[in-house]
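Trainee: Structure: query_7.csv, CSV, C-alpha atoms.
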```
chain,number,residue,atom,x,y,z
A,1357,MET,CA,32.1,153.1,17.8
A,1358,ARG,CA,29.4,152.5,20.4
A,1359,LYS,CA,30.5,155.6,22.3
A,1360,SER,CA,30.5,157.8,19.2
A,1361,LEU,CA,27.0,156.6,18.3
A,1362,PHE,CA,25.8,157.3,21.8
A,1363,PHE,CA,27.0,160.9,21.7
A,1364,LYS,CA,25.6,161.5,18.3
A,1365,LYS,CA,22.2,160.3,19.4
A,1366,GLY,CA,22.5,162.3,22.7
A,1367,LEU,CA,23.5,165.4,20.9
A,1368,THR,CA,20.6,165.1,18.5
A,1369,CYS,CA,18.1,164.6,21.3
A,1370,ILE,CA,19.4,167.6,23.3
A,1371,ALA,CA,19.5,169.8,20.3
A,1372,ALA,CA,15.9,168.9,19.6
A,1373,ILE,CA,14.9,169.9,23.1
A,1374,PHE,CA,16.7,173.2,22.8
A,1375,ALA,CA,15.1,173.9,19.5
A,1376,MET,CA,11.6,173.2,20.9
A,1377,GLN,CA,12.3,175.6,23.8
A,1378,SER,CA,13.7,178.3,21.6
A,1379,ALA,CA,10.5,178.2,19.4
A,1380,SER,CA,8.3,178.4,22.5
A,1381,ALA,CA,9.1,182.0,23.6
A,1382,GLN,CA,11.8,184.5,22.8
A,1383,TRP,CA,12.2,188.2,22.9
A,1384,VAL,CA,10.2,189.6,20.1
A,1385,LYS,CA,10.9,193.1,18.6
A,1386,LYS,CA,7.9,195.4,18.7
A,1387,ALA,CA,7.4,199.0,17.5
A,1388,ASP,CA,10.1,201.5,18.3
A,1389,ASN,CA,9.1,204.3,20.6
A,1390,LEU,CA,8.3,207.6,18.8
A,1391,GLN,CA,11.3,209.6,19.9
A,1392,PHE,CA,12.7,211.5,17.0
A,1393,GLN,CA,16.3,211.3,18.2
A,1394,VAL,CA,18.4,208.2,17.9
A,1395,GLY,CA,17.4,206.8,21.3
A,1396,ARG,CA,17.5,207.5,25.0
A,1397,TRP,CA,18.8,206.1,28.3
A,1398,GLY,CA,18.0,207.0,31.9
A,1399,GLY,CA,14.3,207.3,31.0
A,1400,MET,CA,11.5,206.4,33.4
A,1401,SER,CA,8.6,203.9,32.8
A,1402,ALA,CA,5.5,202.7,34.7
A,1403,VAL,CA,2.4,200.7,34.0
A,1404,VAL,CA,-1.1,202.1,34.6
A,1405,GLY,CA,-3.9,199.6,33.8
A,1406,SER,CA,-2.9,197.8,30.7
A,1407,LYS,CA,-0.7,200.7,29.2
A,1408,ILE,CA,3.0,201.5,29.6
A,1409,TYR,CA,4.1,205.1,30.0
A,1410,LEU,CA,7.6,206.3,29.1
A,1411,THR,CA,9.0,209.7,29.9
A,1412,GLY,CA,12.3,211.6,30.0
A,1413,GLY,CA,15.9,210.4,29.4
A,1414,TYR,CA,19.0,211.5,27.8
A,1415,ALA,CA,20.5,211.1,24.3
A,1416,ASN,CA,23.8,212.7,23.1
A,1417,MET,CA,23.4,216.1,24.8
A,1418,GLN,CA,19.6,216.1,24.2
A,1419,TRP,CA,17.4,216.0,27.3
A,1420,LEU,CA,13.8,214.7,26.9
A,1421,ASN,CA,10.5,215.8,28.4
A,1422,ASP,CA,8.1,213.8,26.3
A,1423,LEU,CA,5.4,211.4,27.5
A,1424,GLN,CA,4.6,208.4,25.5
A,1425,GLU,CA,1.9,205.7,26.0
A,1426,TYR,CA,2.4,202.1,24.7
A,1427,ASP,CA,-0.5,199.8,24.1
A,1428,PRO,CA,0.7,196.1,24.2
A,1429,ALA,CA,-2.5,194.9,22.6
A,1430,THR,CA,-1.8,196.8,19.4
A,1431,SER,CA,2.0,197.4,19.7
A,1432,THR,CA,1.5,201.1,19.1
A,1433,TRP,CA,3.0,204.2,20.7
A,1434,LYS,CA,1.1,207.5,21.2
A,1435,ASN,CA,2.6,210.9,22.0
A,1436,LEU,CA,0.5,212.2,24.8
A,1437,THR,CA,2.2,215.6,25.4
A,1438,THR,CA,5.4,217.5,25.2
A,1439,THR,CA,4.5,219.5,28.3
A,1440,PRO,CA,7.4,219.3,30.7
A,1441,VAL,CA,7.0,216.9,33.6
A,1442,GLY,CA,8.0,219.3,36.4
A,1443,PRO,CA,11.3,220.8,35.2
A,1444,LEU,CA,12.2,221.2,31.5
A,1445,ASN,CA,13.7,217.7,31.4
A,1446,ARG,CA,14.4,214.7,33.6
A,1447,SER,CA,16.8,211.7,33.4
A,1448,ALA,CA,17.7,208.9,35.8
A,1449,GLY,CA,14.7,209.5,38.1
A,1450,ILE,CA,12.1,207.2,39.5
A,1451,ALA,CA,8.6,206.2,38.3
A,1452,PHE,CA,6.0,204.1,40.0
A,1453,THR,CA,2.2,203.5,40.0
A,1454,ILE,CA,-0.2,203.6,42.9
A,1455,ASN,CA,-4.0,203.5,42.7
A,1456,GLY,CA,-4.2,204.1,39.0
A,1457,LYS,CA,-1.8,207.1,38.9
A,1458,MET,CA,1.8,207.3,37.8
A,1459,TYR,CA,4.4,209.2,39.9
A,1460,VAL,CA,7.6,210.6,38.4
A,1461,GLY,CA,10.3,212.3,40.3
A,1462,LEU,CA,13.9,212.9,41.5
A,1463,GLY,CA,16.6,212.4,38.8
A,1464,ALA,CA,18.4,215.3,37.2
A,1465,GLU,CA,17.8,218.2,34.8
A,1466,ASN,CA,20.4,218.5,32.1
A,1467,PHE,CA,21.8,215.1,33.1
A,1468,LEU,CA,25.6,214.6,32.5
A,1469,SER,CA,25.9,218.1,30.9
A,1470,THR,CA,29.5,218.9,30.2
A,1471,SER,CA,28.7,222.6,30.6
A,1472,GLY,CA,28.3,222.1,34.3
A,1473,THR,CA,24.6,222.9,34.4
A,1474,GLN,CA,23.3,219.5,35.7
A,1475,LYS,CA,20.8,220.0,38.5
A,1476,ASN,CA,19.8,217.1,40.7
A,1477,LEU,CA,16.1,217.1,41.6
A,1478,LYS,CA,14.0,216.0,44.5
A,1479,ASP,CA,10.5,217.0,43.3
A,1480,LEU,CA,7.6,214.5,42.7
A,1481,TRP,CA,4.8,214.7,40.2
A,1482,GLU,CA,1.5,212.7,39.9
A,1483,PHE,CA,0.0,211.9,36.5
A,1484,THR,CA,-3.6,210.8,36.0
A,1485,PRO,CA,-4.0,209.1,32.5
A,1486,SER,CA,-7.8,209.6,32.4
A,1487,THR,CA,-7.4,213.4,32.5
A,1488,GLY,CA,-3.9,213.9,31.3
A,1489,ALA,CA,-3.2,216.2,34.3
A,1490,TRP,CA,0.1,216.5,36.2
A,1491,VAL,CA,0.0,217.7,39.8
A,1492,GLN,CA,3.1,218.5,41.9
A,1493,LYS,CA,3.3,216.6,45.2
A,1494,ALA,CA,5.5,216.9,48.2
A,1495,SER,CA,9.2,216.9,47.4
A,1496,LEU,CA,11.7,214.4,49.0
A,1497,PRO,CA,12.7,216.1,52.3
A,1498,ASP,CA,16.4,215.4,51.8
A,1499,SER,CA,19.1,216.1,49.2
A,1500,ALA,CA,18.3,215.8,45.5
A,1501,ARG,CA,19.5,212.6,43.8
A,1502,THR,CA,19.7,210.5,40.7
A,1503,GLU,CA,19.8,206.7,40.0
A,1504,SER,CA,17.6,205.7,43.0
A,1505,SER,CA,15.6,202.4,42.9
A,1506,VAL,CA,11.9,202.2,43.9
A,1507,PHE,CA,9.4,199.5,44.7
A,1508,VAL,CA,5.7,199.7,45.9
A,1509,VAL,CA,4.2,197.7,48.8
A,1510,ASN,CA,0.7,198.3,50.2
A,1511,ASN,CA,0.1,201.5,48.1
A,1512,LYS,CA,3.3,203.1,49.4
A,1513,ALA,CA,6.5,203.7,47.5
A,1514,TYR,CA,10.0,203.0,48.9
A,1515,VAL,CA,12.9,204.9,47.3
A,1516,VAL,CA,16.2,203.3,47.9
A,1517,GLY,CA,19.7,204.9,47.6
A,1518,GLY,CA,20.8,207.1,44.8
A,1519,ASN,CA,23.6,209.4,43.6
A,1520,GLY,CA,23.7,212.9,45.1
A,1521,GLY,CA,26.6,214.2,43.1
A,1522,PHE,CA,27.7,214.5,39.5
A,1523,GLY,CA,29.1,211.3,37.9
A,1524,PRO,CA,29.3,207.6,38.7
A,1525,GLY,CA,29.6,206.7,42.4
A,1526,VAL,CA,29.7,210.3,43.6
A,1527,ASN,CA,28.0,211.0,47.0
A,1528,ASN,CA,26.0,207.8,46.8
A,1529,THR,CA,23.6,207.2,49.7
A,1530,ASN,CA,22.0,204.3,51.4
A,1531,GLN,CA,18.9,206.2,52.6
A,1532,VAL,CA,15.4,204.7,52.2
A,1533,TRP,CA,12.4,206.9,52.1
A,1534,GLU,CA,8.7,205.9,52.1
A,1535,TYR,CA,6.2,208.0,50.1
A,1536,ASP,CA,2.5,207.7,51.1
A,1537,PRO,CA,0.3,209.3,48.4
A,1538,ALA,CA,-2.8,209.1,50.7
A,1539,GLY,CA,-1.2,211.7,53.0
A,1540,ASN,CA,1.2,213.1,50.5
A,1541,LYS,CA,3.9,212.4,53.1
A,1542,TRP,CA,7.6,211.2,53.1
A,1543,THR,CA,8.9,209.2,56.0
A,1544,LYS,CA,12.5,208.1,56.5
A,1545,LYS,CA,13.0,204.3,57.0
A,1546,ALA,CA,15.8,202.0,57.9
A,1547,ASN,CA,18.9,202.5,55.7
A,1548,TYR,CA,19.8,200.0,53.1
A,1549,PRO,CA,22.3,197.6,54.7
A,1550,GLU,CA,25.3,198.5,52.5
A,1551,ALA,CA,27.2,201.8,52.7
A,1552,SER,CA,25.6,203.0,49.6
A,1553,ILE,CA,23.6,201.9,46.6
A,1554,ALA,CA,22.7,203.2,43.1
A,1555,THR,CA,21.3,201.9,39.8
A,1556,ALA,CA,20.1,198.7,41.4
A,1557,GLY,CA,17.2,196.4,40.4
A,1558,ALA,CA,14.1,196.6,42.7
A,1559,PHE,CA,10.8,194.8,42.8
A,1560,ALA,CA,8.0,193.8,45.3
A,1561,ILE,CA,6.4,190.4,45.8
A,1562,ASN,CA,3.8,189.4,48.4
A,1563,GLY,CA,4.2,192.5,50.7
A,1564,LYS,CA,8.0,192.6,50.7
A,1565,GLY,CA,10.5,194.7,48.7
A,1566,TYR,CA,13.7,193.3,47.1
A,1567,VAL,CA,16.8,195.1,46.0
A,1568,SER,CA,19.7,193.4,44.2
A,1569,ASN,CA,22.8,194.4,42.2
A,1570,GLY,CA,23.7,198.0,41.6
A,1571,ARG,CA,26.8,200.1,42.4
A,1572,ALA,CA,28.2,201.1,45.7
A,1573,GLY,CA,30.8,203.7,44.9
A,1574,THR,CA,32.9,201.9,42.4
A,1575,GLU,CA,32.0,198.4,43.6
A,1576,TYR,CA,29.4,196.3,41.7
A,1577,LEU,CA,27.2,194.4,44.1
A,1578,LYS,CA,25.5,191.0,43.7
A,1579,LYS,CA,23.9,191.1,47.2
A,1580,THR,CA,20.1,190.8,47.5
A,1581,TYR,CA,18.2,192.2,50.4
A,1582,GLU,CA,14.5,191.9,51.4
A,1583,TYR,CA,12.7,194.7,53.1
A,1584,ASN,CA,9.7,194.2,55.4
A,1585,PRO,CA,7.7,197.4,55.6
A,1586,THR,CA,5.8,196.1,58.7
A,1587,SER,CA,8.9,195.6,60.8
A,1588,ASN,CA,11.1,198.2,58.9
A,1589,VAL,CA,13.8,195.5,58.7
A,1590,TRP,CA,16.2,194.6,55.9
A,1591,THR,CA,17.2,190.9,55.6
A,1592,PRO,CA,20.0,189.5,53.5
A,1593,LYS,CA,18.9,186.9,50.9
A,1594,ALA,CA,20.6,184.7,48.3
A,1595,ASP,CA,23.2,186.5,46.3
A,1596,PHE,CA,22.7,187.2,42.6
A,1597,PRO,CA,24.3,184.1,40.9
A,1598,ASP,CA,26.3,186.0,38.3
A,1599,SER,CA,28.8,188.8,38.6
A,1600,GLY,CA,27.4,192.0,40.1
A,1601,ARG,CA,26.1,194.6,37.6
A,1602,TYR,CA,24.6,198.0,37.5
A,1603,GLY,CA,22.3,199.8,35.1
A,1604,VAL,CA,19.9,196.8,35.1
A,1605,VAL,CA,16.3,196.4,34.4
A,1606,SER,CA,13.8,194.6,36.7
A,1607,PHE,CA,10.2,193.5,36.7
A,1608,VAL,CA,7.9,190.9,38.3
A,1609,VAL,CA,6.0,188.1,36.5
A,1610,ASP,CA,4.3,185.1,38.2
A,1611,ASN,CA,5.5,186.2,41.7
A,1612,LYS,CA,9.1,186.1,40.6
A,1613,GLY,CA,11.5,189.0,40.4
A,1614,PHE,CA,13.6,189.3,37.2
A,1615,ILE,CA,16.8,191.2,36.8
A,1616,GLY,CA,18.7,191.5,33.5
A,1617,LEU,CA,21.0,193.4,31.1
A,1618,GLY,CA,23.3,196.0,32.7
A,1619,GLY,CA,27.0,195.6,32.9
A,1620,ILE,CA,30.3,196.3,34.6
A,1621,GLY,CA,32.0,199.6,33.9
A,1622,TYR,CA,31.4,201.1,30.5
A,1623,TYR,CA,32.7,198.3,28.3
A,1624,SER,CA,31.3,195.0,29.7
A,1625,TYR,CA,27.6,194.5,28.9
A,1626,LYS,CA,25.3,191.6,29.9
A,1627,SER,CA,22.5,189.9,27.9
A,1628,THR,CA,21.5,187.4,30.6
A,1629,PHE,CA,18.4,187.5,32.8
A,1630,TYR,CA,17.9,185.8,36.2
A,1631,TYR,CA,14.8,185.5,38.4
A,1632,TYR,CA,14.4,185.3,42.1
A,1633,ASP,CA,11.7,183.2,43.9
A,1634,PRO,CA,11.1,184.5,47.4
A,1635,ALA,CA,9.3,181.2,48.3
A,1636,THR,CA,12.6,179.3,48.0
A,1637,ASP,CA,15.1,182.2,48.4
A,1638,LYS,CA,16.7,181.0,45.1
A,1639,TRP,CA,17.9,182.7,42.0
A,1640,SER,CA,17.6,180.8,38.7
A,1641,TYR,CA,18.9,181.4,35.2
A,1642,PHE,CA,16.2,182.6,32.8
A,1643,SER,CA,16.8,180.8,29.4
A,1644,GLY,CA,15.1,183.7,27.5
A,1645,ASN,CA,18.4,185.5,26.8
A,1646,TRP,CA,18.2,189.0,25.3
A,1647,THR,CA,18.8,188.7,21.5
A,1648,ALA,CA,19.3,192.5,20.8
A,1649,THR,CA,22.4,194.5,21.6
A,1650,PRO,CA,23.4,194.3,25.3
A,1651,ARG,CA,23.2,197.7,27.0
A,1652,LEU,CA,22.9,199.7,30.2
A,1653,PHE,CA,20.1,201.9,31.6
A,1654,SER,CA,17.2,200.6,29.7
A,1655,VAL,CA,13.6,200.8,30.8
A,1656,SER,CA,11.3,197.8,31.6
A,1657,ALA,CA,7.7,197.0,32.5
A,1658,ALA,CA,5.4,194.0,32.9
A,1659,VAL,CA,1.8,193.7,31.8
A,1660,GLY,CA,0.1,190.5,32.7
A,1661,ASN,CA,2.5,187.6,31.9
A,1662,LYS,CA,4.6,189.6,29.4
A,1663,ALA,CA,7.6,191.7,30.0
A,1664,TYR,CA,8.7,194.7,27.9
A,1665,VAL,CA,12.3,196.1,27.7
A,1666,GLY,CA,13.8,198.7,25.5
A,1667,CYS,CA,15.9,201.9,25.1
A,1668,GLY,CA,19.3,202.2,26.8
A,1669,TRP,CA,22.9,203.0,26.0
A,1670,ARG,CA,26.3,201.5,25.4
A,1671,LEU,CA,29.9,202.6,24.7
A,1672,ASP,CA,32.1,200.8,22.2
A,1673,GLY,CA,35.7,201.7,22.2
A,1674,THR,CA,36.5,205.1,23.7
A,1675,SER,CA,34.1,207.3,21.8
A,1676,THR,CA,31.4,205.3,19.9
A,1677,GLN,CA,28.2,205.7,21.8
A,1678,SER,CA,24.9,204.0,20.9
A,1679,TYR,CA,21.5,205.1,22.1
A,1680,PHE,CA,18.5,202.8,21.6
A,1681,ARG,CA,14.8,203.3,21.1
A,1682,ASP,CA,13.8,199.8,20.3
A,1683,TRP,CA,11.2,197.8,22.2
A,1684,HIS,CA,11.0,194.1,22.9
A,1685,GLU,CA,8.4,191.7,24.3
A,1686,MET,CA,8.8,188.4,26.1
A,1687,ASP,CA,6.0,186.0,27.1
A,1688,VAL,CA,7.7,185.2,30.4
A,1689,ALA,CA,5.0,182.8,31.6
A,1690,ALA,CA,5.3,180.8,28.4
A,1691,LYS,CA,9.0,180.7,28.6
A,1692,LEU,CA,9.0,179.6,32.3
A,1693,SER,CA,6.5,176.8,31.6
A,1694,VAL,CA,8.9,175.4,29.0
A,1695,GLN,CA,11.9,176.0,31.2
A,1696,HIS,CA,10.3,174.0,33.9
A,1697,THR,CA,9.2,170.9,32.0
A,1698,PRO,CA,10.5,167.7,33.6
A,1699,GLU,CA,13.3,167.4,31.0
A,1700,LYS,CA,14.6,170.9,31.7
A,1701,ALA,CA,13.9,171.4,35.4
A,1702,LEU,CA,16.4,168.7,36.4
A,1703,VAL,CA,19.5,170.7,35.3
A,1704,SER,CA,20.2,174.2,34.1
A,1705,VAL,CA,23.7,175.4,33.0
A,1706,TYR,CA,24.5,179.2,32.9
A,1707,PRO,CA,25.8,181.4,31.5
A,1708,ASN,CA,25.7,179.5,28.3
A,1709,PRO,CA,27.6,180.4,26.2
A,1710,SER,CA,30.3,181.0,28.7
A,1711,THR,CA,33.8,182.5,28.6
A,1712,GLY,CA,35.1,179.9,31.1
A,1713,THR,CA,33.2,179.4,34.3
A,1714,ILE,CA,29.8,177.8,34.3
A,1715,HIS,CA,27.2,177.4,37.1
A,1716,VAL,CA,25.2,174.2,37.3
A,1717,ASP,CA,21.7,174.5,38.7
A,1718,VAL,CA,20.8,170.9,39.7
A,1719,GLU,CA,19.0,169.2,42.6
A,1720,ASN,CA,21.2,168.6,45.7
A,1721,GLY,CA,23.4,165.6,45.6
A,1722,LYS,CA,27.0,164.4,44.9
A,1723,TYR,CA,27.9,164.6,41.3
A,1724,ASN,CA,30.9,163.7,39.2
A,1725,TYR,CA,31.1,165.7,36.0
A,1726,THR,CA,32.7,164.8,32.7
A,1727,VAL,CA,33.0,167.2,29.8
A,1728,TYR,CA,33.1,165.7,26.3
A,1729,SER,CA,33.9,167.2,22.9
A,1730,ILE,CA,31.1,166.9,20.3
A,1731,THR,CA,33.1,164.0,18.8
A,1732,GLY,CA,33.0,162.1,22.2
A,1733,GLN,CA,36.5,162.8,23.4
A,1734,LYS,CA,36.9,163.4,27.2
A,1735,ALA,CA,38.0,167.0,27.8
A,1736,ALA,CA,37.6,167.5,31.6
A,1737,THR,CA,36.5,165.6,34.7
A,1738,GLY,CA,35.9,166.4,38.3
A,1739,LEU,CA,33.6,166.5,41.3
A,1740,LEU,CA,30.9,169.2,41.4
A,1741,GLY,CA,31.6,171.4,44.4
A,1742,ALA,CA,29.2,173.0,46.8
A,1743,ASP,CA,29.2,176.2,44.8
A,1744,LYS,CA,28.2,174.2,41.8
A,1745,THR,CA,30.6,175.9,39.5
A,1746,ILE,CA,33.0,174.4,36.9
A,1747,ASN,CA,36.0,176.2,35.5
A,1748,LEU,CA,36.5,175.3,31.9
A,1749,SER,CA,38.8,178.3,30.9
A,1750,ASP,CA,41.5,175.9,29.8
A,1751,LEU,CA,39.3,174.4,27.0
A,1752,ALA,CA,39.2,175.7,23.5
A,1753,GLN,CA,36.3,177.6,22.1
A,1754,GLY,CA,33.5,175.4,20.8
A,1755,GLN,CA,30.6,173.2,21.8
A,1756,TYR,CA,30.8,170.4,24.5
A,1757,ILE,CA,28.6,168.0,26.3
A,1758,LEU,CA,28.5,168.2,30.1
A,1759,GLU,CA,27.6,164.9,31.8
A,1760,LEU,CA,26.6,164.9,35.5
A,1761,VAL,CA,26.5,161.5,37.2
A,1762,SER,CA,25.1,160.9,40.7
A,1763,GLU,CA,24.0,157.7,42.5
A,1764,LYS,CA,20.4,158.3,41.2
A,1765,GLN,CA,20.6,160.0,37.9
A,1766,THR,CA,22.7,161.0,34.9
A,1767,TYR,CA,22.1,164.4,33.3
A,1768,ARG,CA,23.5,165.8,30.1
A,1769,SER,CA,23.5,169.3,28.6
A,1770,ILE,CA,25.2,171.1,25.7
A,1771,ILE,CA,27.5,173.9,26.6
A,1772,SER,CA,29.2,176.5,24.5
A,1773,LEU,CA,32.5,178.2,25.3
A,1774,SER,CA,33.5,181.5,23.7
A,1775,LYS,CA,36.8,183.3,24.1
```
What does the file become when written as structure tokens?
Mentor:
Amino acid sequence: MRKSLFFKKGLTCIAAIFAMQSASAQWVKKADNLQFQVGRWGGMSAVVGSKIYLTGGYANMQWLNDLQEYDPATSTWKNLTTTPVGPLNRSAGIAFTINGKMYVGLGAENFLSTSGTQKNLKDLWEFTPSTGAWVQKASLPDSARTESSVFVVNNKAYVVGGNGGFGPGVNNTNQVWEYDPAGNKWTKKANYPEASIATAGAFAINGKGYVSNGRAGTEYLKKTYEYNPTSNVWTPKADFPDSGRYGVVSFVVDNKGFIGLGGIGYYSYKSTFYYYDPATDKWSYFSGNWTATPRLFSVSAAVGNKAYVGCGWRLDGTSTQSYFRDWHEMDVAAKLSVQHTPEKALVSVYPNPSTGTIHVDVENGKYNYTVYSITGQKAATGLLGADKTINLSDLAQGQYILELVSEKQTYRSIISLSK
């Protein structure tokens, strides 16, 4: 009787903490973008000042060349122009901002066209929001490509990898090119350390660039590399803590790099987000899970302490395709402040819910774990290994309580298993 009472009280307390966290900050649906069609994927987005700009993309054999401006202060979209950005249309290209100007380039015209008319691109265009003018800049001095990643350090853009063929994993490259708008000049840099890379997440923090996840041919990577522009050297960092994925979104808030969504293949989609802290070389689970439909090839941006994610695509079954034009906002700083309160900072369990294997993010030490059913029955025991993972695939679907016991502390957390 004493044991049952303990677990009822413990469950109530933990549930109350979770409810408080959930109420603090979640993804909030904002105004859909103004695209007339059902949605888009492979679009390009960038932030200039306090506004977000969205252009291009692909939707069910429709190729887009619009330019839209989103104002986070009012949650409103504005169509700026339908004038083509370079070619008639562009998908799966790059976009970045330097000195108050947006740059859009690479990608493909007539992306994924079944009629065989896809044309990979290597041109680059500069957009000035104050005048609305587009100016063509120097083209990439190498082969045209889609699905490259890009980050900006010290007013220079670094374009990493890409797909030089037609279709997933075809003619991927590991080349890295630096673009300097001051001289309108491209310079080849040290190759990305893997044989190839495409559709990866990329971000820059404190003068260094970071690339993680993505696809190398048909392999989905979880490796993370740091690039130092001063020394032109790539350095391996902590691996992404979940399975590798492609078609991800990435952004930076509070000097932390976030990667989320994406998936494996065309039928496995992720709703989780993780963030990387260069100061500790550590990835952590971000408890603000995506509450809309999981998907690939969305667009993302960060303005101040808030992140914005939307659009994208998924395939259900063998022929049901969904294209999205929704738009969601997360107060990342508020969520992190709750996630790192003393009660929460001690232990984090992810993914949660899980289909079997969970990872426990807890301060270093020796821990014995016990998993109890909600009614207090012991379901599993063991010693937490160095990889801090626990395989619970033998347990039935439902909610459990994970108890971690060390010489110093006892931690408890609710976990959910889904099959």
Trainee: Would you mind listing what lies within 6 Å of range 1458-1465 of chain A as a list in words, with all atoms listed in the file counted and same-chain residues fewer than 2 positions away left out?
Mentor: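 Near range 1458-1465 of chain A, the qualifying residues are Asn1445, Arg1446, Ser1447, Ala1448, Gly1449, Ile1450, Ala1451, Phe1452, Thr1453, Phe1467, Gln1474, Lys1475, Asn1476, Leu1477, Lys1478, Asp1479, Leu1480, Trp1481, Glu1482, Phe1483, Arg1501 and Thr1502 of chain A.
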Trainee: Can those selected residues be exported to a file as a PDB file, in the coordinates of the input so that it contains C-alpha atoms?
Mentor:
```
ATOM      1  CA  ASN A1445      13.700 217.700  31.400  1.00  0.00           C
ATOM      2  CA  ARG A1446      14.400 214.700  33.600  1.00  0.00           C
ATOM      3  CA  SER A1447      16.800 211.700  33.400  1.00  0.00           C
ATOM      4  CA  ALA A1448      17.700 208.900  35.800  1.00  0.00           C
ATOM      5  CA  GLY A1449      14.700 209.500  38.100  1.00  0.00           C
ATOM      6  CA  ILE A1450      12.100 207.200  39.500  1.00  0.00           C
ATOM      7  CA  ALA A1451       8.600 206.200  38.300  1.00  0.00           C
ATOM      8  CA  PHE A1452       6.000 204.100  40.000  1.00  0.00           C
ATOM      9  CA  THR A1453       2.200 203.500  40.000  1.00  0.00           C
ATOM     10  CA  PHE A1467      21.800 215.100  33.100  1.00  0.00           C
ATOM     11  CA  GLN A1474      23.300 219.500  35.700  1.00  0.00           C
ATOM     12  CA  LYS A1475      20.800 220.000  38.500  1.00  0.00           C
ATOM     13  CA  ASN A1476      19.800 217.100  40.700  1.00  0.00           C
ATOM     14  CA  LEU A1477      16.100 217.100  41.600  1.00  0.00           C
ATOM     15  CA  LYS A1478      14.000 216.000  44.500  1.00  0.00           C
ATOM     16  CA  ASP A1479      10.500 217.000  43.300  1.00  0.00           C
ATOM     17  CA  LEU A1480       7.600 214.500  42.700  1.00  0.00           C
ATOM     18  CA  TRP A1481       4.800 214.700  40.200  1.00  0.00           C
ATOM     19  CA  GLU A1482       1.500 212.700  39.900  1.00  0.00           C
ATOM     20  CA  PHE A1483       0.000 211.900  36.500  1.00  0.00           C
ATOM     21  CA  ARG A1501      19.500 212.600  43.800  1.00  0.00           C
ATOM     22  CA  THR A1502      19.700 210.500  40.700  1.00  0.00           C
TER      23      THR A1502
END
```
Trainee: Extract, using all atoms listed in the file, all DNA, RNA and protein residues at most 6 Å from range 1420-1424 of chain A, discarding same-chain residues fewer than 4 positions from it, and format them as a VMD selection string.
Mentor: chain A and resid 1409 to 1413 1434 to 1438 1440 1445
Trainee: Could you check which of A:Gly1741, A:Gly1405, A:Pro1597, A:Pro1428 is closest to Asn1455 in chain A, using all atoms listed in the file?
Mentor: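 Of A:Gly1741, A:Gly1405, A:Pro1597, A:Pro1428, the one nearest Asn1455 in chain A is A:Gly1405, counting all atoms listed in the file.
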Trainee: Take CA of Leu1577 in chain A and CA of Leu1692 in chain A and report the distance between them in Å, one decimal.
Mentor: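 Result for CA of Leu1577 in chain A versus CA of Leu1692 in chain A: 26.3 Å, one decimal.
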Trainee: Give me, please, the distance in Å between CA of Arg1571 in chain A and CA of Tyr1414 in chain A, quoted to one decimal.
Mentor: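 Taking CA of Arg1571 in chain A and CA of Tyr1414 in chain A, their separation equals 20.1 Å.
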Trainee: So what do you get for CA of Asn1416 in chain A versus CA of Gly1666 in chain A, distance-wise?
Mentor: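 The value is 17.4 Å.
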Trainee: Set out as CSV a contact list for range 1650-1742 of chain A and range 1749-1761 of chain A with a cut-off of 10 Å, giving each residue of range 1650-1742 of chain A that qualifies its closest atom pair and distance in Å to one decimal, counting all atoms listed in the file, ordered by chain and rising residue number.
Mentor:
```
residue,atom,partner,partner_atom,distance
A:Val1703,CA,A:Leu1760,CA,9.2
A:Val1705,CA,A:Leu1758,CA,9.1
A:Pro1709,CA,A:Gln1755,CA,9.0
A:Ser1710,CA,A:Ser1749,CA,9.2
A:Thr1711,CA,A:Ser1749,CA,6.9
A:Gly1712,CA,A:Ser1749,CA,4.0
A:Thr1713,CA,A:Ser1749,CA,6.6
A:Ile1714,CA,A:Ser1749,CA,9.6
A:Val1716,CA,A:Leu1760,CA,9.6
A:Val1718,CA,A:Leu1760,CA,9.3
A:Gly1721,CA,A:Val1761,CA,9.8
A:Lys1722,CA,A:Val1761,CA,8.2
A:Tyr1723,CA,A:Val1761,CA,5.3
A:Asn1724,CA,A:Val1761,CA,5.3
A:Tyr1725,CA,A:Leu1760,CA,4.6
A:Thr1726,CA,A:Glu1759,CA,5.2
A:Val1727,CA,A:Leu1758,CA,4.6
A:Tyr1728,CA,A:Ile1757,CA,5.1
A:Ser1729,CA,A:Tyr1756,CA,4.7
A:Ile1730,CA,A:Tyr1756,CA,5.5
A:Thr1731,CA,A:Tyr1756,CA,8.9
A:Gly1732,CA,A:Ile1757,CA,8.4
A:Gln1733,CA,A:Tyr1756,CA,9.6
A:Lys1734,CA,A:Ile1757,CA,9.5
A:Ala1735,CA,A:Leu1751,CA,7.6
A:Ala1736,CA,A:Leu1751,CA,8.5
A:Thr1737,CA,A:Glu1759,CA,9.4
A:Gly1738,CA,A:Leu1760,CA,9.8
A:Leu1739,CA,A:Leu1760,CA,9.2
A:Leu1740,CA,A:Leu1760,CA,8.5
```
Trainee: With all atoms listed in the file as the atoms that count, which of A:Gln1418, A:Thr1430, A:Ser1704, A:Thr1591 lies nearest to Val1394 in chain A?
Mentor: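 So, comparing all the options, the nearest one is A:Gln1418.
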Trainee: Write out as a tab-separated table a residue-level contact list of range 1383-1403 of chain A versus range 1634-1656 of chain A with cut-off 7 Å: for each qualifying residue the closest pair of atoms and the distance in Å to one decimal, counting only C-alpha atoms, rows sorted by chain and residue number upward.
Mentor:
```
residue	atom	partner	partner_atom	distance
A:Trp1383	CA	A:Trp1646	CA	6.5
A:Trp1397	CA	A:Phe1653	CA	5.5
A:Gly1398	CA	A:Phe1653	CA	5.5
A:Gly1399	CA	A:Val1655	CA	6.5
A:Met1400	CA	A:Val1655	CA	6.5
A:Ser1401	CA	A:Val1655	CA	6.2
```
